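Colleague: Below is the file entry.cif, with mmCIF, C-alpha atoms.
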```cif
data_final
loop_
_atom_site.group_PDB
_atom_site.id
_atom_site.type_symbol
_atom_site.label_atom_id
_atom_site.label_comp_id
_atom_site.auth_asym_id
_atom_site.auth_seq_id
_atom_site.Cartn_x
_atom_site.Cartn_y
_atom_site.Cartn_z
ATOM 1 C CA MET A 1 168.057 112.320 59.939
ATOM 2 C CA ALA A 2 170.071 110.280 62.447
ATOM 3 C CA PRO A 3 168.950 106.738 63.206
ATOM 4 C CA SER A 4 166.946 106.201 66.391
ATOM 5 C CA PRO A 5 169.038 105.276 69.406
ATOM 6 C CA GLN A 6 168.882 101.685 70.591
ATOM 7 C CA LEU A 7 168.197 101.700 74.296
ATOM 8 C CA GLU A 8 168.304 99.423 77.304
ATOM 9 C CA LEU A 9 164.868 99.126 78.903
ATOM 10 C CA GLU A 10 164.057 97.689 82.304
ATOM 11 C CA LEU A 11 160.575 96.292 82.849
ATOM 12 C CA LEU A 12 159.685 97.155 86.431
ATOM 13 C CA PRO A 13 158.090 94.218 88.281
ATOM 14 C CA ALA A 14 154.999 95.927 89.733
ATOM 15 C CA ARG A 15 151.659 96.782 88.182
ATOM 16 C CA TYR A 16 150.699 100.443 88.385
ATOM 17 C CA ALA A 17 147.684 102.702 88.666
ATOM 18 C CA VAL A 18 147.216 106.191 87.240
ATOM 19 C CA VAL A 19 145.035 108.337 89.500
ATOM 20 C CA ARG A 20 143.431 111.701 88.718
ATOM 21 C CA LEU A 21 142.474 113.983 91.600
ATOM 22 C CA PRO A 22 141.294 117.604 91.720
ATOM 23 C CA PRO A 23 144.045 120.219 91.346
ATOM 24 C CA ASP A 24 143.569 121.470 94.908
ATOM 25 C CA ALA A 25 143.871 118.005 96.481
ATOM 26 C CA ALA A 26 146.630 117.258 98.964
ATOM 27 C CA LEU A 27 148.803 114.197 98.592
ATOM 28 C CA PRO A 28 146.633 111.328 99.825
ATOM 29 C CA ALA A 29 147.643 109.327 102.898
ATOM 30 C CA TRP A 30 147.510 106.091 100.882
ATOM 31 C CA LEU A 31 150.464 107.207 98.703
ATOM 32 C CA GLN A 32 153.397 105.402 100.284
ATOM 33 C CA PRO A 33 157.087 106.181 99.673
ATOM 34 C CA GLU A 34 158.014 102.881 98.063
ATOM 35 C CA GLY A 35 158.872 101.821 94.547
ATOM 36 C CA PHE A 36 158.266 103.888 91.433
ATOM 37 C CA ARG A 37 155.711 106.651 91.801
ATOM 38 C CA ASN A 38 155.174 110.022 90.203
ATOM 39 C CA VAL A 39 153.166 113.061 91.260
ATOM 40 C CA ALA A 40 152.307 115.957 88.942
ATOM 41 C CA TRP A 41 150.185 118.986 89.765
ATOM 42 C CA THR A 42 148.774 121.255 87.081
ATOM 43 C CA ALA A 43 146.105 123.921 87.114
ATOM 44 C CA ASP A 44 143.646 121.222 85.996
ATOM 45 C CA GLU A 45 144.527 118.122 88.030
ATOM 46 C CA LEU A 46 146.758 116.196 90.383
ATOM 47 C CA SER A 47 147.992 113.023 88.666
ATOM 48 C CA ILE A 48 149.602 110.183 90.576
ATOM 49 C CA VAL A 49 151.292 107.048 89.268
ATOM 50 C CA CYS A 50 151.839 104.406 91.941
ATOM 51 C CA ASP A 51 151.631 100.709 92.701
ATOM 52 C CA GLU A 52 148.099 99.656 91.756
ATOM 53 C CA ALA A 53 147.413 98.349 95.276
ATOM 54 C CA MET A 54 147.920 101.779 96.900
ATOM 55 C CA PRO A 55 144.813 103.754 95.884
ATOM 56 C CA PRO A 56 141.505 102.727 97.457
ATOM 57 C CA GLY A 57 138.716 101.435 95.241
ATOM 58 C CA ASP A 58 136.929 104.795 95.139
ATOM 59 C CA ALA A 59 140.023 106.783 94.082
ATOM 60 C CA GLY A 60 139.173 106.945 90.386
ATOM 61 C CA ALA A 61 142.293 105.012 89.440
ATOM 62 C CA GLU A 62 142.970 103.322 86.133
ATOM 63 C CA ARG A 63 144.855 100.169 87.046
ATOM 64 C CA GLY A 64 146.720 97.532 85.074
ATOM 65 C CA TRP A 65 149.723 99.485 83.778
ATOM 66 C CA ARG A 66 153.243 98.059 83.365
ATOM 67 C CA CYS A 67 156.299 100.285 83.300
ATOM 68 C CA PHE A 68 159.450 100.358 81.172
ATOM 69 C CA LYS A 69 162.336 102.366 82.608
ATOM 70 C CA LEU A 70 164.634 103.749 79.938
ATOM 71 C CA ARG A 71 168.093 103.123 81.338
ATOM 72 C CA GLY A 72 169.703 106.545 81.719
ATOM 73 C CA PRO A 73 170.782 108.973 82.779
ATOM 74 C CA PHE A 74 170.393 110.912 79.548
ATOM 75 C CA ASP A 75 172.001 114.272 78.927
ATOM 76 C CA PHE A 76 169.458 117.007 78.196
ATOM 77 C CA ALA A 77 171.258 117.710 74.887
ATOM 78 C CA LEU A 78 170.359 114.258 73.531
ATOM 79 C CA THR A 79 167.405 114.164 71.172
ATOM 80 C CA GLY A 80 165.018 111.417 70.164
ATOM 81 C CA ILE A 81 165.358 109.271 73.288
ATOM 82 C CA LEU A 82 161.676 109.071 74.158
ATOM 83 C CA LEU A 83 160.668 109.120 70.495
ATOM 84 C CA ALA A 84 162.773 105.986 69.888
ATOM 85 C CA VAL A 85 160.475 104.087 72.256
ATOM 86 C CA LEU A 86 157.199 105.777 71.387
ATOM 87 C CA GLU A 87 157.411 105.281 67.609
ATOM 88 C CA PRO A 88 157.496 101.459 67.677
ATOM 89 C CA LEU A 89 154.736 101.389 70.303
ATOM 90 C CA ALA A 90 152.551 103.735 68.235
ATOM 91 C CA GLY A 91 153.255 101.609 65.165
ATOM 92 C CA ALA A 92 151.971 98.586 67.072
ATOM 93 C CA GLY A 93 148.809 100.463 68.122
ATOM 94 C CA ILE A 94 149.786 100.659 71.792
ATOM 95 C CA GLY A 95 148.687 103.616 73.907
ATOM 96 C CA ILE A 96 151.135 104.867 76.515
ATOM 97 C CA PHE A 97 151.471 107.014 79.612
ATOM 98 C CA ALA A 98 154.910 108.658 79.798
ATOM 99 C CA VAL A 99 156.724 110.137 82.786
ATOM 100 C CA SER A 100 160.021 112.009 82.627
ATOM 101 C CA THR A 101 162.432 112.698 85.475
ATOM 102 C CA PHE A 102 165.730 114.561 85.630
ATOM 103 C CA ASP A 103 167.745 111.454 84.690
ATOM 104 C CA THR A 104 165.467 109.292 82.569
ATOM 105 C CA ASP A 105 162.039 108.486 81.163
ATOM 106 C CA TYR A 106 159.421 105.887 82.019
ATOM 107 C CA VAL A 107 156.837 104.553 79.592
ATOM 108 C CA LEU A 108 153.765 102.735 80.871
ATOM 109 C CA VAL A 109 151.643 100.391 78.755
ATOM 110 C CA LYS A 110 148.561 98.427 79.697
ATOM 111 C CA GLN A 111 149.215 94.858 80.891
ATOM 112 C CA ALA A 112 146.960 93.506 78.112
ATOM 113 C CA LYS A 113 149.373 94.977 75.510
ATOM 114 C CA LEU A 114 152.627 94.110 77.304
ATOM 115 C CA GLN A 115 153.734 91.217 75.084
ATOM 116 C CA VAL A 116 153.000 93.154 71.900
ATOM 117 C CA ALA A 117 154.946 96.097 73.356
ATOM 118 C CA ILE A 118 157.940 93.898 74.184
ATOM 119 C CA GLU A 119 157.953 92.479 70.647
ATOM 120 C CA ALA A 120 157.666 95.932 69.036
ATOM 121 C CA LEU A 121 160.483 97.347 71.177
ATOM 122 C CA ALA A 122 162.754 94.365 70.448
ATOM 123 C CA ALA A 123 162.037 94.674 66.713
ATOM 124 C CA ALA A 124 163.136 98.331 66.937
ATOM 125 C CA GLY A 125 166.491 97.199 68.345
ATOM 126 C CA HIS A 126 165.934 97.972 72.011
ATOM 127 C CA ARG A 127 167.259 95.578 74.630
ATOM 128 C CA LEU A 128 164.978 94.512 77.478
ATOM 129 C CA LEU A 129 166.830 93.830 80.712
#
```
Translate the structure described by the file into structure tokens.

Modeller:
Amino acid sequence: MAPSPQLELELLPARYAVVRLPPDAALPAWLQPEGFRNVAWTADELSIVCDEAMPPGDAGAERGWRCFKLRGPFDFALTGILLAVLEPLAGAGIGIFAVSTFDTDYVLVKQAKLQVAIEALAAAGHRLL
């Protein structure tokens, strides 16, 4: 088995919220087109990741997430990119919320576990920018 890739990770400066809405919900007016955000619809839910200040208090948001951007872009033929980040975090007992885009991946961890996450990622050979 090939060794895990060593990646460059950028810690985005904002704190984020993960919001769950019904699957038939429209995009809410409070979702503003600024910074990192992600929207995913499935048959079961509408999930939104956005700056934690965007959703109102009654939105059912889980706040307090920090986000690592894996510096891509990564070719679709590459394997083990996300796994290289998730394994050290799992080994450190850190839960994650992952988002993938065409060019790269984003891994969110709770603010309370951020320092432990940084240490685990550095120990795995990743470079934090």

Colleague: Expressed in Å to a single decimal, how great is the separation between atom CA of Leu46 of chain A and atom CA of Ile96 of chain A?

Modeller: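 It comes out at 18.4 Å.
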
Colleague: Quick one: residues within 9 Å of Ala92 of chain A, only C-alpha atoms, excluding same-chain residues fewer than 3 positions away - as a short mmCIF file (atom, residue, chain, number, x, y, z; two decimals) with C-alpha atoms, in the coordinates of the input?

Modeller:
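In the end it all went to part-v1.cif:
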```cif
data_model
loop_
_atom_site.label_atom_id
_atom_site.label_comp_id
_atom_site.auth_asym_id
_atom_site.auth_seq_id
_atom_site.Cartn_x
_atom_site.Cartn_y
_atom_site.Cartn_z
CA GLU A 87 157.41 105.28 67.61
CA PRO A 88 157.50 101.46 67.68
CA LEU A 89 154.74 101.39 70.30
CA VAL A 116 153.00 93.15 71.90
CA ALA A 117 154.95 96.10 73.36
CA ALA A 120 157.67 95.93 69.04
#
```

Colleague: Give me, please, the distance in Å between atom CA of Arg66 of chain A and atom CA of Arg15 of chain A, quoted to one decimal.

Modeller: 5.2 Å

Colleague: Would you kindly return, as a list of chain:residue names, each protein, DNA or RNA residue with an atom no farther than 8 Å from any atom of segment 56-61 of chain A, considering all atoms listed in the file and excluding same-chain residues fewer than 6 positions away?

Modeller: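 Returned residues: A:Ala17, A:Val18, A:Val19, A:Arg20, A:Leu21, A:Trp30.
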
Colleague: Measuring between all atoms listed in the file, which one of A:Ala25, A:Leu12, A:Ala124, A:Ile48 shows the shortest distance to Val107 of chain A?

Modeller: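 Distance minimum relative to Val107 of chain A lands on A:Leu12.
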
Colleague: Quick check, in Å to one decimal: how far apart do atom CA of Leu70 of chain A and atom CA of Phe102 of chain A lie?

Modeller: 12.3 Å

Colleague: Report the centre and edge lengths, in Å to one decimal, of an axis-aligned box enclosing every atom of segment 55-70 of chain A listed in the file, padded by 4 Å on each side, as JSON.

Modeller:
```
{"center_x": 150.8, "center_y": 102.2, "center_z": 88.7, "size_x": 35.7, "size_y": 17.4, "size_z": 25.5}
```

Colleague: Find the residues near Val49 of chain A: any atom within 8 Å, counting only C-alpha atoms, skip ones fewer than 2 places away on the same chain, and give them as a list in words.

Modeller: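 With the cut-off at 8 Å, the set is Tyr16, Ala17, Val18, Val19, Phe36, Arg37, Asn38, Val39, Ser47 and Asp51 of chain A.
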
Colleague: With C-alpha atoms retained, write the just-selected residues as a PDB file, in the frame of the given file.

Modeller:
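Produced file selection-v9.pdb, reproduced below:
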```pdb
ATOM      1  CA  TYR A  16     150.699 100.443  88.385  1.00  0.00           C
ATOM      2  CA  ALA A  17     147.684 102.702  88.666  1.00  0.00           C
ATOM      3  CA  VAL A  18     147.216 106.191  87.240  1.00  0.00           C
ATOM      4  CA  VAL A  19     145.035 108.337  89.500  1.00  0.00           C
ATOM      5  CA  PHE A  36     158.266 103.888  91.433  1.00  0.00           C
ATOM      6  CA  ARG A  37     155.711 106.651  91.801  1.00  0.00           C
ATOM      7  CA  ASN A  38     155.174 110.022  90.203  1.00  0.00           C
ATOM      8  CA  VAL A  39     153.166 113.061  91.260  1.00  0.00           C
ATOM      9  CA  SER A  47     147.992 113.023  88.666  1.00  0.00           C
ATOM     10  CA  ASP A  51     151.631 100.709  92.701  1.00  0.00           C
TER      11      ASP A  51
END
```

Colleague: For Leu11 of chain A, which residue out of A:Ala26, A:Leu82, A:Cys67, A:Leu108 is the nearest one, using all atoms listed in the file?

Modeller: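 Counting all atoms listed in the file, the residue closest to Leu11 of chain A is A:Cys67.
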
Colleague: Mind telling me what the PyMOL selection byres ((chain A and resi 7) around 10) catches here, as a PyMOL selection string?

Modeller: chain A and resi 4-6+8-10+70-72+81-82+84-85+121-122+124-128

Colleague: Looking at A:Gly35, A:Phe68, A:Glu45, A:Val99, which one is nearest to Leu114 of chain A, with distances taken over all atoms listed in the file?

Modeller: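 Once distances to Leu114 of chain A are computed over all atoms listed in the file, the minimum belongs to A:Phe68.
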
Colleague: Which residue is closest to Ile118 of chain A? Choose from A:Ser100, A:Ile94, A:Arg63, A:Thr42 and count all atoms listed in the file.

Modeller: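 Checking each of A:Ser100, A:Ile94, A:Arg63, A:Thr42 against Ile118 of chain A, counting all atoms listed in the file, the winner is A:Ile94.
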
Colleague: Of the residues A:Ala14, A:Leu83, A:Leu27, A:Trp41, which is the one nearest to Asp105 of chain A, using only C-alpha atoms?

Modeller: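 Ranking A:Ala14, A:Leu83, A:Leu27, A:Trp41 by distance to Asp105 of chain A, first place goes to A:Leu83.
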
Colleague: Quick one: everything within 8 Å of Leu31 of chain A, counting all atoms listed in the file, minus sequence neighbours fewer than 2 positions away in the same chain. Send it as an MDAnalysis selection string.

Modeller: chainID A and resid 27:29 33 50 54:55

Colleague: Between A:Gly91, A:Trp65, A:Ala98, A:Glu52, which is the closest to Glu119 of chain A once you count all atoms listed in the file?

Modeller: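 Going through A:Gly91, A:Trp65, A:Ala98, A:Glu52 one by one, the smallest distance to Glu119 of chain A is for A:Gly91.
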